[in-house]
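> I am attaching a structure below and will ask some questions about it afterwards.
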Amino acid sequence: MPKCNRCGRETNVTAMSMFNTETLCMDCLEKERRHPDYKKARDAEHAAIYSGDYNFPGIGKPEDL
């Protein structure tokens, strides 16, 4: 069973962080989505993909996340 890279909890469902390349459980993903810089991270990823960078590492995880 995969583990969340942020909290370490085992989970059946994961998603990639918008801030970095961590794989997150749904609880950690929800916390991330509520962060004030989430839109900035999402927009940066979309811009990278649009320009052809399909391996964008993210803008970095905020210290308070």
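Chain labels A, B, ... are given in the sequence in which chains occur in the structure tokens; within each chain residues are numbered consecutively from 1, and ligands are likewise numbered from 1 in the order shown.
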Determine, counting only C-alpha atoms, which protein, DNA and RNA residues have an atom within 9 Å of an atom of Phe19 in chain A; residues of the same chain fewer than 5 positions away are not included. Present the result as a PDB file with N, CA and C atoms, in the first residue's frame.


```pdb
ATOM      1  N   GLU A  32      -3.178  21.275   1.392  1.00  0.00           N
ATOM      2  CA  GLU A  32      -2.418  22.001   0.379  1.00  0.00           C
ATOM      3  C   GLU A  32      -3.327  22.929  -0.421  1.00  0.00           C
ATOM      4  N   ASP A  37      -0.784  30.046  -1.155  1.00  0.00           N
ATOM      5  CA  ASP A  37       0.056  30.028  -2.358  1.00  0.00           C
ATOM      6  C   ASP A  37      -0.335  28.934  -3.350  1.00  0.00           C
ATOM      7  N   TYR A  38      -1.427  28.223  -3.087  1.00  0.00           N
ATOM      8  CA  TYR A  38      -1.816  27.118  -3.962  1.00  0.00           C
ATOM      9  C   TYR A  38      -2.082  27.588  -5.394  1.00  0.00           C
ATOM     10  N   ALA A  41       1.126  28.152  -7.227  1.00  0.00           N
ATOM     11  CA  ALA A  41       1.763  26.886  -7.598  1.00  0.00           C
ATOM     12  C   ALA A  41       1.039  26.233  -8.769  1.00  0.00           C
ATOM     13  N   ARG A  42      -0.266  26.250  -8.741  1.00  0.00           N
ATOM     14  CA  ARG A  42      -1.061  25.662  -9.819  1.00  0.00           C
ATOM     15  C   ARG A  42      -0.838  26.407 -11.135  1.00  0.00           C
ATOM     16  N   GLU A  45       2.577  25.557 -12.577  1.00  0.00           N
ATOM     17  CA  GLU A  45       2.603  24.243 -13.207  1.00  0.00           C
ATOM     18  C   GLU A  45       1.911  24.274 -14.562  1.00  0.00           C
ATOM     19  N   PRO A  57       9.233  20.567 -11.512  1.00  0.00           N
ATOM     20  CA  PRO A  57       9.353  20.100 -10.127  1.00  0.00           C
ATOM     21  C   PRO A  57       8.516  20.881  -9.123  1.00  0.00           C
ATOM     22  N   GLY A  58       7.838  21.916  -9.570  1.00  0.00           N
ATOM     23  CA  GLY A  58       7.033  22.735  -8.658  1.00  0.00           C
ATOM     24  C   GLY A  58       7.798  23.944  -8.171  1.00  0.00           C
ATOM     25  N   ILE A  59       7.106  24.789  -7.429  1.00  0.00           N
ATOM     26  CA  ILE A  59       7.722  26.029  -6.931  1.00  0.00           C
ATOM     27  C   ILE A  59       8.349  25.838  -5.544  1.00  0.00           C
ATOM     28  N   GLY A  60       8.190  24.671  -4.981  1.00  0.00           N
ATOM     29  CA  GLY A  60       8.722  24.393  -3.636  1.00  0.00           C
ATOM     30  C   GLY A  60       7.638  24.459  -2.586  1.00  0.00           C
ATOM     31  N   LYS A  61       7.701  23.540  -1.633  1.00  0.00           N
ATOM     32  CA  LYS A  61       6.700  23.473  -0.569  1.00  0.00           C
ATOM     33  C   LYS A  61       6.929  24.584   0.431  1.00  0.00           C
ATOM     34  N   PRO A  62       5.892  25.358   0.742  1.00  0.00           N
ATOM     35  CA  PRO A  62       6.019  26.405   1.756  1.00  0.00           C
ATOM     36  C   PRO A  62       6.361  25.828   3.131  1.00  0.00           C
TER      37      PRO A  62
END
```

> Enumerate the residues of chain A with a DSSP assignment of alpha helix (DSSP H), computed from the backbone, and present them as a list of chain:residue names.

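Of chain A, the ones in alpha helix (DSSP H) are A:Met26, A:Asp27, A:Cys28, A:Leu29, A:Glu30, A:Lys31, A:Glu32, A:Arg33, A:Tyr38, A:Lys39, A:Lys40, A:Ala41, A:Arg42, A:Asp43, A:Ala44, A:Glu45, A:His46, A:Ala47, A:Ala48, A:Ile49, A:Tyr50.
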
> Go through A:Pro2, A:Ser51, A:His46, A:Lys40 one by one, measure the shortest atom-to-atom distance of each to Leu24 in chain A using only C-alpha atoms, and give the residue with the smallest value.

A:Pro2

> Neighbours of Thr14 in chain A within 9 Å (only C-alpha atoms; same-chain residues fewer than 3 positions away dropped), as a list in words?

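Counting only C-alpha atoms, the residues come to Pro2, Lys3, Cys4, Thr11, Thr23, Leu24, Cys25, Met26 and Leu29 of chain A.
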
> Work out how far CA of Lys31 in chain A is from CA of Asp64 in chain A, in Å to one decimal.

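Atom-to-atom, CA of Asp64 in chain A and CA of Lys31 in chain A are spaced 10.8 Å apart.
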
> Can you work out which one of A:Glu63, A:Arg6, A:Ala15, A:Asn20 has the shortest atom-to-atom distance to Ala44 in chain A, counting only C-alpha atoms?

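Under the stated criterion, the closest residue is A:Asn20.
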
> Taking the DSSP assignment computed from this structure's backbone, write out as a PyMOL selection string all residues of chain A that belong to strand (DSSP E).

chain A and resi 15-16+23-24

> Pick out the closest residue to Cys28 in chain A from this set: A:Cys7, A:Asn55, A:Tyr50, A:Asn12. Count only C-alpha atoms.

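Of A:Cys7, A:Asn55, A:Tyr50, A:Asn12, the one nearest Cys28 in chain A is A:Cys7, counting only C-alpha atoms.
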
> Just to confirm, what's the straight-line distance from CA of Gly52 in chain A to CA of Met16 in chain A in Å (one decimal)?

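Distance between the two atoms: 18.5 Å.
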
> Just the number, please: distance in Å from CA of Asn5 in chain A to CA of Met18 in chain A, one decimal.

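Answer for the CA of Asn5 in chain A to CA of Met18 in chain A separation: 13.3 Å.
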